[in-house]
Structures are given as C-alpha cells and as structure tokens.
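S.K.: Sharing query_24.cif here; it has mmCIF, C-alpha atoms and all ligand atoms.
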```cif
data_data
loop_
_atom_site.label_atom_id
_atom_site.label_comp_id
_atom_site.auth_asym_id
_atom_site.auth_seq_id
_atom_site.Cartn_x
_atom_site.Cartn_y
_atom_site.Cartn_z
CA MET A 1 -0.13 -38.28 -33.01
CA GLN A 2 -1.02 -41.97 -33.47
CA LEU A 3 0.88 -41.95 -36.78
CA SER A 4 4.11 -40.64 -35.28
CA LEU A 5 3.79 -43.20 -32.45
CA SER A 6 3.28 -45.90 -35.03
CA LEU A 7 6.29 -44.77 -37.10
CA THR A 8 8.65 -44.47 -34.13
CA ALA A 9 7.61 -47.90 -32.82
CA SER A 10 9.63 -49.46 -35.65
CA PRO A 11 12.97 -47.58 -35.87
CA GLU A 12 14.44 -50.22 -38.22
CA PHE A 13 11.84 -49.89 -40.90
CA VAL A 14 12.64 -49.90 -44.62
CA ILE A 15 10.44 -47.41 -46.46
CA GLY A 16 9.46 -49.33 -49.59
CA ALA A 17 8.23 -52.92 -49.94
CA GLY A 18 10.60 -53.42 -52.88
CA ALA A 19 8.50 -56.02 -54.65
CA SER A 20 5.11 -57.67 -55.03
CA ARG A 21 3.78 -59.64 -52.07
CA CYS A 22 4.71 -62.84 -53.92
CA PHE A 23 8.36 -61.82 -54.42
CA GLY A 24 9.58 -60.53 -51.10
CA GLY A 25 7.07 -57.71 -50.60
CA SER A 26 5.47 -59.54 -47.66
CA THR A 27 7.79 -57.83 -45.21
CA LYS A 28 7.81 -58.54 -41.48
CA GLU A 29 5.85 -55.30 -40.96
CA VAL A 30 3.12 -56.37 -43.39
CA THR A 31 2.78 -59.77 -41.78
CA LYS A 32 2.54 -58.14 -38.36
CA LEU A 33 -0.09 -55.77 -39.71
CA GLU A 34 -2.14 -58.67 -41.06
CA ARG A 35 -2.06 -60.30 -37.61
CA LEU A 36 -3.20 -57.02 -36.04
CA LEU A 37 -6.02 -56.69 -38.57
CA ALA A 38 -7.16 -60.29 -38.02
CA ASP A 39 -7.28 -59.72 -34.25
CA PHE A 40 -9.03 -56.37 -34.59
CA HIS A 41 -11.74 -57.92 -36.77
CA HIS A 42 -11.95 -61.10 -34.67
CA GLY A 43 -10.97 -63.16 -37.69
CA LYS A 44 -8.53 -66.04 -38.03
CA GLU A 45 -6.57 -64.48 -40.86
CA ALA A 46 -6.34 -61.20 -42.71
CA MET A 47 -4.89 -60.40 -46.10
CA PHE A 48 -3.76 -56.91 -46.93
CA PHE A 49 -4.54 -55.36 -50.32
CA ASN A 50 -3.26 -51.97 -51.42
CA SER A 51 -6.82 -50.63 -51.57
CA GLY A 52 -10.42 -51.60 -51.00
CA TYR A 53 -10.92 -51.52 -54.76
CA GLU A 54 -8.13 -54.08 -55.25
CA ALA A 55 -9.50 -56.24 -52.43
CA ASN A 56 -12.95 -56.43 -54.00
CA VAL A 57 -11.57 -57.09 -57.46
CA GLY A 58 -9.28 -59.74 -55.97
CA VAL A 59 -12.01 -61.52 -54.05
CA TYR A 60 -14.75 -61.50 -56.70
CA SER A 61 -12.45 -62.32 -59.59
CA THR A 62 -10.83 -65.32 -57.87
CA LEU A 63 -13.18 -67.06 -55.44
CA PRO A 64 -16.29 -67.78 -57.56
CA GLN A 65 -15.71 -70.67 -59.95
CA PRO A 66 -17.60 -71.75 -63.09
CA GLY A 67 -20.98 -73.10 -61.98
CA ASP A 68 -21.12 -70.74 -58.99
CA ALA A 69 -23.49 -67.80 -58.67
CA ILE A 70 -23.07 -64.28 -57.33
CA ILE A 71 -26.11 -62.45 -56.02
CA HIS A 72 -25.40 -58.81 -55.22
CA ASP A 73 -27.27 -55.90 -53.73
CA THR A 74 -28.16 -53.42 -56.51
CA MET A 75 -26.21 -50.73 -54.67
CA ALA A 76 -22.99 -52.75 -54.46
CA HIS A 77 -19.83 -50.67 -54.98
CA ALA A 78 -18.28 -50.33 -58.46
CA SER A 79 -15.27 -52.39 -57.36
CA ILE A 80 -17.57 -55.36 -56.64
CA HIS A 81 -19.04 -55.05 -60.15
CA ASP A 82 -15.55 -54.86 -61.64
CA GLY A 83 -14.41 -57.93 -59.70
CA ILE A 84 -17.48 -59.85 -60.87
CA ARG A 85 -16.77 -58.79 -64.46
CA TYR A 86 -13.22 -60.19 -64.28
CA GLY A 87 -14.40 -63.37 -62.58
CA ARG A 88 -15.82 -66.69 -63.69
CA ALA A 89 -19.16 -67.06 -61.90
CA SER A 90 -21.73 -68.60 -64.27
CA ILE A 91 -24.71 -66.76 -62.81
CA VAL A 92 -24.80 -63.12 -61.72
CA LYS A 93 -28.01 -61.57 -60.42
CA ALA A 94 -28.96 -58.47 -58.44
CA PHE A 95 -31.54 -58.15 -55.68
CA ALA A 96 -33.25 -54.87 -54.72
CA HIS A 97 -31.34 -52.80 -52.20
CA ASN A 98 -31.58 -54.25 -48.65
CA ASP A 99 -34.79 -56.05 -49.69
CA LEU A 100 -35.20 -59.52 -48.19
CA GLN A 101 -38.20 -60.46 -50.36
CA SER A 102 -36.26 -59.64 -53.48
CA LEU A 103 -33.28 -61.63 -52.14
CA ASP A 104 -35.56 -64.65 -51.56
CA ALA A 105 -36.99 -64.38 -55.08
CA VAL A 106 -33.52 -64.20 -56.64
CA LEU A 107 -32.27 -67.13 -54.55
CA GLU A 108 -35.25 -69.20 -55.74
CA LYS A 109 -34.57 -68.27 -59.38
CA VAL A 110 -30.92 -69.21 -59.04
CA LYS A 111 -31.80 -72.59 -57.50
CA LEU A 112 -34.34 -73.28 -60.23
CA GLY A 113 -31.76 -72.46 -62.89
CA SER A 114 -29.00 -74.71 -61.50
CA ALA A 115 -29.35 -78.26 -60.20
CA ASP A 116 -25.74 -78.04 -58.94
CA ILE A 117 -26.65 -75.11 -56.75
CA SER A 118 -29.93 -76.52 -55.48
CA CYS A 119 -28.13 -79.77 -54.55
CA GLY A 120 -25.33 -77.88 -52.80
CA ARG A 121 -22.57 -78.86 -55.25
CA ARG A 122 -21.86 -75.26 -56.29
CA THR A 123 -21.71 -72.08 -54.25
CA VAL A 124 -23.83 -68.94 -54.14
CA PHE A 125 -21.83 -65.85 -53.09
CA VAL A 126 -23.95 -63.03 -51.73
CA ALA A 127 -22.26 -59.65 -52.16
CA LEU A 128 -23.10 -56.94 -49.64
CA GLU A 129 -21.73 -53.89 -47.92
CA SER A 130 -22.23 -53.36 -44.21
CA TYR A 131 -22.96 -49.62 -44.62
CA TYR A 132 -24.08 -48.08 -47.92
CA SER A 133 -22.65 -44.62 -47.57
CA MET A 134 -24.41 -43.18 -50.61
CA GLU A 135 -27.78 -44.38 -49.34
CA GLY A 136 -27.17 -43.85 -45.62
CA ASP A 137 -28.39 -47.27 -44.57
CA ILE A 138 -26.98 -50.34 -42.89
CA SER A 139 -27.40 -53.79 -44.38
CA PRO A 140 -29.68 -56.19 -42.41
CA ILE A 141 -26.89 -58.75 -42.30
CA PRO A 142 -28.24 -61.15 -39.64
CA GLU A 143 -31.57 -61.38 -41.53
CA ILE A 144 -29.81 -61.82 -44.88
CA LEU A 145 -27.69 -64.58 -43.37
CA SER A 146 -30.72 -66.41 -42.06
CA HIS A 147 -32.57 -66.12 -45.42
CA VAL A 148 -29.51 -67.44 -47.27
CA ARG A 149 -29.16 -70.32 -44.82
CA SER A 150 -32.78 -71.36 -45.17
CA ALA A 151 -32.71 -71.08 -48.98
CA LEU A 152 -29.46 -73.07 -49.17
CA PRO A 153 -29.69 -75.65 -46.37
CA ALA A 154 -26.69 -77.58 -47.75
CA GLY A 155 -24.55 -74.67 -46.54
CA ASN A 156 -23.44 -73.58 -50.00
CA GLY A 157 -24.24 -69.90 -49.43
CA VAL A 158 -21.35 -67.53 -48.66
CA LEU A 159 -21.79 -63.91 -47.60
CA ILE A 160 -19.06 -61.45 -48.60
CA VAL A 161 -19.43 -58.19 -46.73
CA GLY A 162 -17.61 -55.02 -47.81
CA GLU A 163 -16.56 -53.05 -44.74
CA ALA A 164 -15.09 -50.04 -46.56
CA HIS A 165 -16.43 -47.63 -43.98
CA LEU A 166 -14.53 -48.97 -41.05
CA GLY A 167 -15.54 -47.53 -37.71
CA ILE A 168 -19.28 -47.57 -38.34
CA VAL A 169 -20.53 -50.97 -37.20
CA GLY A 170 -19.29 -53.60 -34.78
CA PRO A 171 -17.22 -53.35 -31.59
CA ASN A 172 -14.76 -50.44 -31.90
CA GLY A 173 -15.98 -50.08 -35.46
CA SER A 174 -14.34 -53.36 -36.42
CA GLY A 175 -17.22 -54.29 -38.74
CA TYR A 176 -19.53 -57.29 -39.00
CA MET A 177 -17.03 -59.87 -40.03
CA SER A 178 -13.85 -60.48 -41.92
CA LEU A 179 -12.86 -62.97 -44.56
CA GLY A 180 -12.59 -66.33 -42.84
CA THR A 181 -9.73 -68.73 -43.07
CA GLY A 182 -9.29 -71.11 -45.98
CA GLU A 183 -9.54 -68.73 -48.93
CA GLY A 184 -6.40 -66.73 -48.12
CA LYS A 185 -3.87 -68.96 -49.90
CA TYR A 186 -6.07 -69.21 -52.97
CA ILE A 187 -6.46 -65.45 -53.21
CA ALA A 188 -2.73 -64.89 -52.66
CA ASN A 189 -1.94 -67.12 -55.62
CA PHE A 190 -4.58 -65.91 -58.04
CA ALA A 191 -5.56 -62.30 -57.24
CA ARG A 192 -3.72 -60.35 -59.90
CA GLY A 193 -3.80 -57.07 -57.96
CA LEU A 194 -1.87 -58.78 -55.19
CA MET A 195 0.54 -60.71 -57.40
CA TYR A 196 1.44 -58.00 -59.89
CA SER A 197 1.50 -54.91 -57.68
CA THR A 198 4.17 -53.83 -55.19
CA GLY A 199 3.36 -54.50 -51.53
CA PRO A 200 2.60 -51.66 -49.13
CA SER A 201 5.34 -49.23 -48.10
CA PHE A 202 6.16 -48.87 -44.41
CA PRO A 203 4.41 -45.47 -44.03
CA THR A 204 1.19 -47.12 -45.30
CA VAL A 205 1.53 -49.89 -42.73
CA ALA A 206 2.19 -47.33 -39.98
CA ALA A 207 -0.82 -45.23 -41.04
CA ILE A 208 -3.12 -48.26 -40.84
CA ARG A 209 -1.78 -49.19 -37.42
CA ALA A 210 -2.45 -45.61 -36.33
CA SER A 211 -6.03 -45.74 -37.68
CA ILE A 212 -6.75 -48.89 -35.71
CA ALA A 213 -5.36 -47.32 -32.55
CA THR A 214 -7.54 -44.24 -33.18
CA LEU A 215 -10.64 -46.40 -33.58
CA SER A 216 -10.05 -47.85 -30.12
CA SER A 217 -9.36 -44.44 -28.53
CA THR A 218 -11.53 -41.72 -27.00
CA ASP A 219 -11.73 -40.07 -30.46
CA ARG A 220 -14.36 -42.66 -31.28
CA GLU A 221 -16.52 -41.60 -28.31
CA GLN A 222 -16.16 -37.98 -29.38
CA LEU A 223 -17.22 -38.87 -32.89
CA ARG A 224 -20.30 -40.68 -31.56
CA ALA A 225 -21.20 -37.61 -29.48
CA ASN A 226 -20.86 -35.43 -32.61
CA ILE A 227 -23.09 -37.75 -34.63
CA MET A 228 -25.76 -37.68 -31.92
CA LEU A 229 -25.61 -33.88 -31.75
CA PHE A 230 -26.02 -33.57 -35.52
CA TYR A 231 -29.02 -35.91 -35.65
CA GLN A 232 -30.58 -34.29 -32.61
CA LEU A 233 -30.36 -30.89 -34.30
CA ILE A 234 -31.87 -32.17 -37.52
CA LEU A 235 -34.59 -34.38 -36.04
CA MET A 236 -35.69 -31.83 -33.42
CA HIS A 237 -35.58 -28.91 -35.85
CA PRO A 238 -38.87 -26.94 -35.81
CA ARG A 239 -39.15 -27.27 -39.59
CA ARG A 240 -38.31 -30.93 -39.63
CA GLN A 241 -41.91 -31.91 -40.49
CA ALA A 242 -42.06 -29.43 -43.34
CA LEU A 243 -38.77 -30.85 -44.60
CA SER A 244 -39.87 -34.43 -44.06
CA LYS A 245 -38.60 -35.58 -47.45
CA SER A 246 -35.14 -34.46 -46.46
CA GLY A 247 -33.40 -37.69 -47.38
CA ILE A 248 -31.28 -37.54 -44.24
CA SER A 249 -31.11 -41.05 -42.91
CA LYS A 250 -33.19 -41.38 -39.79
CA GLU A 251 -31.99 -44.68 -38.51
CA ALA A 252 -28.32 -45.09 -39.33
CA PHE A 253 -26.78 -42.54 -36.94
CA VAL A 254 -23.37 -42.80 -38.52
CA ALA A 255 -20.61 -40.38 -39.49
CA ILE A 256 -21.05 -40.52 -43.28
CA ILE A 257 -24.38 -38.97 -44.17
CA PRO A 258 -25.87 -38.62 -47.66
CA ILE A 259 -28.28 -35.74 -48.14
CA ILE A 260 -30.43 -36.44 -51.19
CA THR A 261 -31.15 -33.31 -53.21
CA LYS A 262 -33.50 -32.42 -55.99
CA GLN A 263 -32.16 -32.68 -59.57
CA GLY A 264 -29.62 -29.94 -60.30
CA GLN A 265 -29.27 -28.90 -56.67
CA CYS A 266 -26.39 -30.89 -55.20
CA HIS A 267 -23.67 -28.51 -56.39
CA LYS A 268 -25.70 -25.52 -55.21
CA LEU A 269 -26.00 -26.98 -51.74
CA GLN A 270 -22.31 -27.86 -51.71
CA GLN A 271 -21.42 -24.28 -52.74
CA ARG A 272 -23.70 -22.79 -50.10
CA LEU A 273 -22.07 -24.93 -47.42
CA GLN A 274 -18.64 -23.97 -48.74
CA VAL A 275 -19.46 -20.26 -48.34
CA TYR A 276 -19.94 -20.97 -44.63
CA GLY A 277 -16.67 -22.90 -44.45
CA PHE A 278 -18.09 -26.45 -44.60
CA ARG A 279 -16.44 -28.82 -47.06
CA THR A 280 -18.75 -31.57 -48.36
CA HIS A 281 -18.86 -33.59 -51.57
CA ALA A 282 -21.52 -33.27 -54.27
CA VAL A 283 -22.21 -36.63 -55.92
CA ARG A 284 -24.02 -37.10 -59.24
CA TYR A 285 -24.48 -39.69 -61.96
CA PRO A 286 -22.45 -41.76 -62.90
CA ALA A 287 -20.94 -42.01 -59.39
CA VAL A 288 -24.48 -42.85 -58.19
CA PRO A 289 -27.24 -44.33 -60.36
CA GLU A 290 -29.93 -41.65 -60.09
CA GLU A 291 -30.62 -39.16 -57.36
CA GLU A 292 -28.04 -36.50 -56.65
CA ARG A 293 -26.72 -36.07 -53.16
CA VAL A 294 -24.29 -34.18 -50.99
CA ARG A 295 -22.19 -36.41 -48.79
CA LEU A 296 -21.25 -35.12 -45.40
CA MET A 297 -18.61 -36.64 -43.16
CA LEU A 298 -18.56 -35.79 -39.48
CA HIS A 299 -15.23 -35.96 -37.65
CA ALA A 300 -14.20 -36.48 -34.04
CA ASP A 301 -12.54 -33.06 -33.95
CA ASN A 302 -15.59 -31.12 -35.17
CA LYS A 303 -16.64 -28.65 -32.45
CA PRO A 304 -20.29 -28.43 -31.29
CA ASP A 305 -20.54 -24.89 -32.72
CA GLU A 306 -19.42 -26.14 -36.12
CA ILE A 307 -22.05 -28.87 -36.07
CA LYS A 308 -24.75 -26.41 -34.99
CA GLY A 309 -23.68 -24.00 -37.75
CA PHE A 310 -23.75 -26.77 -40.32
CA ALA A 311 -27.23 -27.93 -39.30
CA ARG A 312 -28.49 -24.32 -39.43
CA VAL A 313 -27.14 -23.67 -42.95
CA LEU A 314 -28.47 -27.01 -44.16
CA MET A 315 -31.98 -26.48 -42.82
CA GLU A 316 -32.14 -22.87 -44.04
CA TRP A 317 -31.12 -23.95 -47.50
CA GLY A 318 -33.76 -26.72 -47.50
CA TRP A 319 -36.41 -24.23 -46.41
CA GLU A 320 -35.46 -21.76 -49.16
CA ILE A 321 -35.58 -24.49 -51.79
CA MET A 322 -39.02 -25.54 -50.61
CA GLN A 323 -40.32 -22.00 -50.98
CA VAL A 324 -39.19 -21.66 -54.59
CA GLY A 325 -39.15 -25.20 -55.96
CA PRO A 326 -42.02 -27.36 -57.20
CA ARG A 327 -43.24 -28.48 -53.77
CA PRO A 328 -44.21 -32.13 -54.06
CA GLU A 329 -40.82 -33.41 -55.29
CA THR A 330 -38.65 -31.03 -53.34
CA ARG A 331 -36.19 -32.73 -51.09
CA LEU A 332 -33.54 -31.10 -48.99
C1 LIG B 401 -18.18 -49.43 -50.41
C2 LIG B 401 -16.81 -49.24 -50.95
N1 LIG B 401 -16.12 -50.33 -51.33
C3 LIG B 401 -14.87 -50.20 -51.83
C4 LIG B 401 -14.25 -48.96 -51.94
C5 LIG B 401 -12.86 -48.87 -52.48
O1 LIG B 401 -11.97 -48.66 -51.43
P1 LIG B 401 -10.57 -47.91 -51.66
O2 LIG B 401 -10.86 -46.45 -51.68
O3 LIG B 401 -9.72 -48.30 -50.50
O4 LIG B 401 -10.01 -48.38 -52.97
C6 LIG B 401 -14.93 -47.82 -51.54
C7 LIG B 401 -14.30 -46.50 -51.66
O5 LIG B 401 -14.79 -45.49 -51.34
C8 LIG B 401 -16.26 -47.95 -51.04
O6 LIG B 401 -16.97 -46.90 -50.66
#
```
In structure tokens, what does this structure look like?
M.R.:
Amino acid sequence: MQLSLSLTASPEFVIGAGASRCFGGSTKEVTKLERLLADFHHGKEAMFFNSGYEANVGVYSTLPQPGDAIIHDTMAHASIHDGIRYGRASIVKAFAHNDLQSLDAVLEKVKLGSADISCGRRTVFVALESYYSMEGDISPIPEILSHVRSALPAGNGVLIVGEAHLGIVGPNGSGYMSLGTGEGKYIANFARGLMYSTGPSFPTVAAIRASIATLSSTDREQLRANIMLFYQLILMHPRRQALSKSGISKEAFVAIIPIITKQGQCHKLQQRLQVYGFRTHAVRYPAVPEEERVRLMLHADNKPDEIKGFARVLMEWGWEIMQVGPRPETRL
C-alpha cells in the first residue's frame, strides 16, 4: 500500500539511475530521499548507499586516517570488519561485547600506545551497532559515549553507530543517531562503493520512502503489541524457570529475536517450527562466531493466534530437548 502510494507520488520518474552517484546518478529523487532520511533521523545530512554493507565499507575505509585508531565491539557486523580491512587506521582493537570495563581498558591501551591520540591530535573511532540482532541486546550507547568522552577529553573520540535494524530504537524507530555533517563530501569523493557503483533505481527510492512512512504508521504500534504478547507468553510460561537458560533476550523487547540453541540443534528447531508453518532462520558458524541460534522476526501483521502457536511450539520443543539432552548445558 505505502509502496504504491510512494510510486504514484512521482509520475515522472525514470526507472534507472543511469550512472554512478558521481556521474549523474544523484537524481532529483535520490537527493529528495536523502533529505527525507536526514529529517527522519534528526540529522543535518544523509548519504544514501546501495546497501548497509556498502555504507559500512564506505565509512570505515575512508574516514579513519593513518595515525587514527578504531575500537570495535567484538560482535560488530562483518561489513564493519571489511571496511576496517580496506581502510588505513593504524590501530585496530576490539573490546568485549557491550562491556564498558573492557572498553575503558582498550581506550587506555590505545592512549598509551599513541602520543598523538592521547594529546588529541589523532582520532579514535568507536564502532558499534545500536541493536545486535544475533545477540538480542541493545548497545549502552549513552554510557559508551560518556566513557569515550572522559577517556578522550580533547574530543577526539567519534562514535559510529550501525543502525541496520531500523525501527527498533529511537522515536519512530529512527535510531540513536545518524552520521553528522562534515564527513559527507569526503565520503562521496573517496568511498569506492559510492563512486564506482550505479546509484539507486527509482523503485528502490520509492520502497525506502514507503518503509519510512510505514515506520511512522499504526503498523508500528501493532508490531509493538505483537512483541509484548510474544514476550509475555514466554516470560509467563509455566515452564519458564525450568527453561531458564533459554537464551531468549529478557530485556530487549524487540522484533528480531535470537534463540540460542545447543550445538547441532538450530536446524532441528527451525524444521520443527517449519512443520507448524513458522518460517525462521537457523544461523551457525561462520555467520556467527560460536553458539548456534534460530532467529525469529515478528511482524506487524502476525495475528495473536500465530504468536501464541509459535510460543507453544517453541516451549514444547525446549521442554523435549531438556528431557533428552545432557541437562546442564541444554538451552532452548
Ligand atoms: C548489523 C548489520 N550491519 C550491516 C548489514 C548490512 O546491511 P545490508 O543488508 O543493507 O547490506 C546488516 C545486514 O543484515 C546487519 O545486520
């Protein structure tokens, strides 16, 4: 519905971009979209990349300069790692997932290793995601920001937050923050994925406009109600205590939910859910470092009976596994 509204709002559109953003591919529609995105995210500017992967590679391979450092959460997305690999930062270090003490220790190490950084002459980029969908947890961004500020009082700390899972945090799901002004021109002239790839076609632009309209619509309230119903069913389940190592995130209350499973079980759980008509995704190494998981995505148009059915199948499966598996390590 939103997509057809978005398409018909521009009867003059040309389907393809025709060229890279640097050679005429920055059509009027793309520029308008970037304005819309900047406003939606309460930013000054926005820059459109053809994918989140390209955006991360573009940002991490262009912004950090020799002498700079990148400190990333261990669970940072593959595209962040790839961007770092293509880039020129002199120091790259990881801190333990969402762990402020580990972040402090790494910041100290980086300052000790570089006089330019401790004096504020070079920059430390801190690479994060707002929601880690494979872990089911939200990054403590305000706390991370305050730790970075106190470790780098000269103001040479920059947070880069991946908001791939739009719709989860912030007003209308607009996320924590967007790339500020100042870097845009530099990225446009150096990010290879932007320079050497054709700009977005009109249907892509229209689909993004439609997604933003959906995020601000009543669908979002319905999705929230569905998330609450799912968590209520799981957390109030009579066997919840017995299944206490379930791996289902207790605090995130979001639409993308990882269910950690015992080794060798993620495909079995996925197949069981499939038998009952629920499509989920089984995720194993190397897509995730260690533990297997099944990733569930709730939607605004899921009906309460579907959510109840899903929770029932999930909990029954967990209970069966606990009866037959080696008890101490068994997780849902
Ligand atoms: C955290 C994160 N960052 C980046 C990406 C890449 O985004 P895209 O699929 O638009 O290339 C993904 C994709 O799933 C992601 O989960």
S.K.: Interatomic distance between CA of Phe190 (chain A) and CA of Asp82 (chain A)?
M.R.: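 Between CA of Phe190 (chain A) and CA of Asp82 (chain A) the gap is 16.0 Å.
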S.K.: How many Å lie between CA of Arg272 (chain A) and CA of Trp317 (chain A), rounded to one decimal?
M.R.: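 We find that CA of Arg272 (chain A) and CA of Trp317 (chain A) lie 7.9 Å from each other.
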S.K.: Using CA of Leu215 (chain A) and atom N1 of ligand LIG 401 (chain B) as the two end points, give the distance in Å to one decimal.
M.R.: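 Answer for the CA of Leu215 (chain A) to atom N1 of ligand LIG 401 (chain B) separation: 19.0 Å.
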S.K.: Residues within 6 Å of ligand LIG 401 (chain B) should be enumerated using all atoms listed in the file and returned as a list in words.
M.R.: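 Here is the list of contacting residues: Ser51, Gly52, Tyr53, His77, Ser79 and Ala164 of chain A.
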S.K.: At most 10 Å from (-26.5, -68.9, -56.8), file frame, all atoms listed in the file: which residues, as a PDB file with C-alpha atoms, in the frame of the given file?
M.R.:
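Ended up saving to result.pdb:
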```
ATOM      1  CA  GLY A  67     -20.980 -73.100 -61.980  1.00  0.00           C
ATOM      2  CA  ASP A  68     -21.120 -70.740 -58.990  1.00  0.00           C
ATOM      3  CA  ALA A  69     -23.490 -67.800 -58.670  1.00  0.00           C
ATOM      4  CA  ILE A  70     -23.070 -64.280 -57.330  1.00  0.00           C
ATOM      5  CA  ILE A  71     -26.110 -62.450 -56.020  1.00  0.00           C
ATOM      6  CA  ALA A  89     -19.160 -67.060 -61.900  1.00  0.00           C
ATOM      7  CA  SER A  90     -21.730 -68.600 -64.270  1.00  0.00           C
ATOM      8  CA  ILE A  91     -24.710 -66.760 -62.810  1.00  0.00           C
ATOM      9  CA  VAL A  92     -24.800 -63.120 -61.720  1.00  0.00           C
ATOM     10  CA  LYS A  93     -28.010 -61.570 -60.420  1.00  0.00           C
ATOM     11  CA  VAL A 106     -33.520 -64.200 -56.640  1.00  0.00           C
ATOM     12  CA  LEU A 107     -32.270 -67.130 -54.550  1.00  0.00           C
ATOM     13  CA  GLU A 108     -35.250 -69.200 -55.740  1.00  0.00           C
ATOM     14  CA  LYS A 109     -34.570 -68.270 -59.380  1.00  0.00           C
ATOM     15  CA  VAL A 110     -30.920 -69.210 -59.040  1.00  0.00           C
ATOM     16  CA  LYS A 111     -31.800 -72.590 -57.500  1.00  0.00           C
ATOM     17  CA  LEU A 112     -34.340 -73.280 -60.230  1.00  0.00           C
ATOM     18  CA  GLY A 113     -31.760 -72.460 -62.890  1.00  0.00           C
ATOM     19  CA  SER A 114     -29.000 -74.710 -61.500  1.00  0.00           C
ATOM     20  CA  ASP A 116     -25.740 -78.040 -58.940  1.00  0.00           C
ATOM     21  CA  ILE A 117     -26.650 -75.110 -56.750  1.00  0.00           C
ATOM     22  CA  SER A 118     -29.930 -76.520 -55.480  1.00  0.00           C
ATOM     23  CA  GLY A 120     -25.330 -77.880 -52.800  1.00  0.00           C
ATOM     24  CA  ARG A 122     -21.860 -75.260 -56.290  1.00  0.00           C
ATOM     25  CA  THR A 123     -21.710 -72.080 -54.250  1.00  0.00           C
ATOM     26  CA  VAL A 124     -23.830 -68.940 -54.140  1.00  0.00           C
ATOM     27  CA  PHE A 125     -21.830 -65.850 -53.090  1.00  0.00           C
ATOM     28  CA  VAL A 126     -23.950 -63.030 -51.730  1.00  0.00           C
ATOM     29  CA  LEU A 152     -29.460 -73.070 -49.170  1.00  0.00           C
ATOM     30  CA  ASN A 156     -23.440 -73.580 -50.000  1.00  0.00           C
ATOM     31  CA  GLY A 157     -24.240 -69.900 -49.430  1.00  0.00           C
ATOM     32  CA  VAL A 158     -21.350 -67.530 -48.660  1.00  0.00           C
TER      33      VAL A 158
END
```
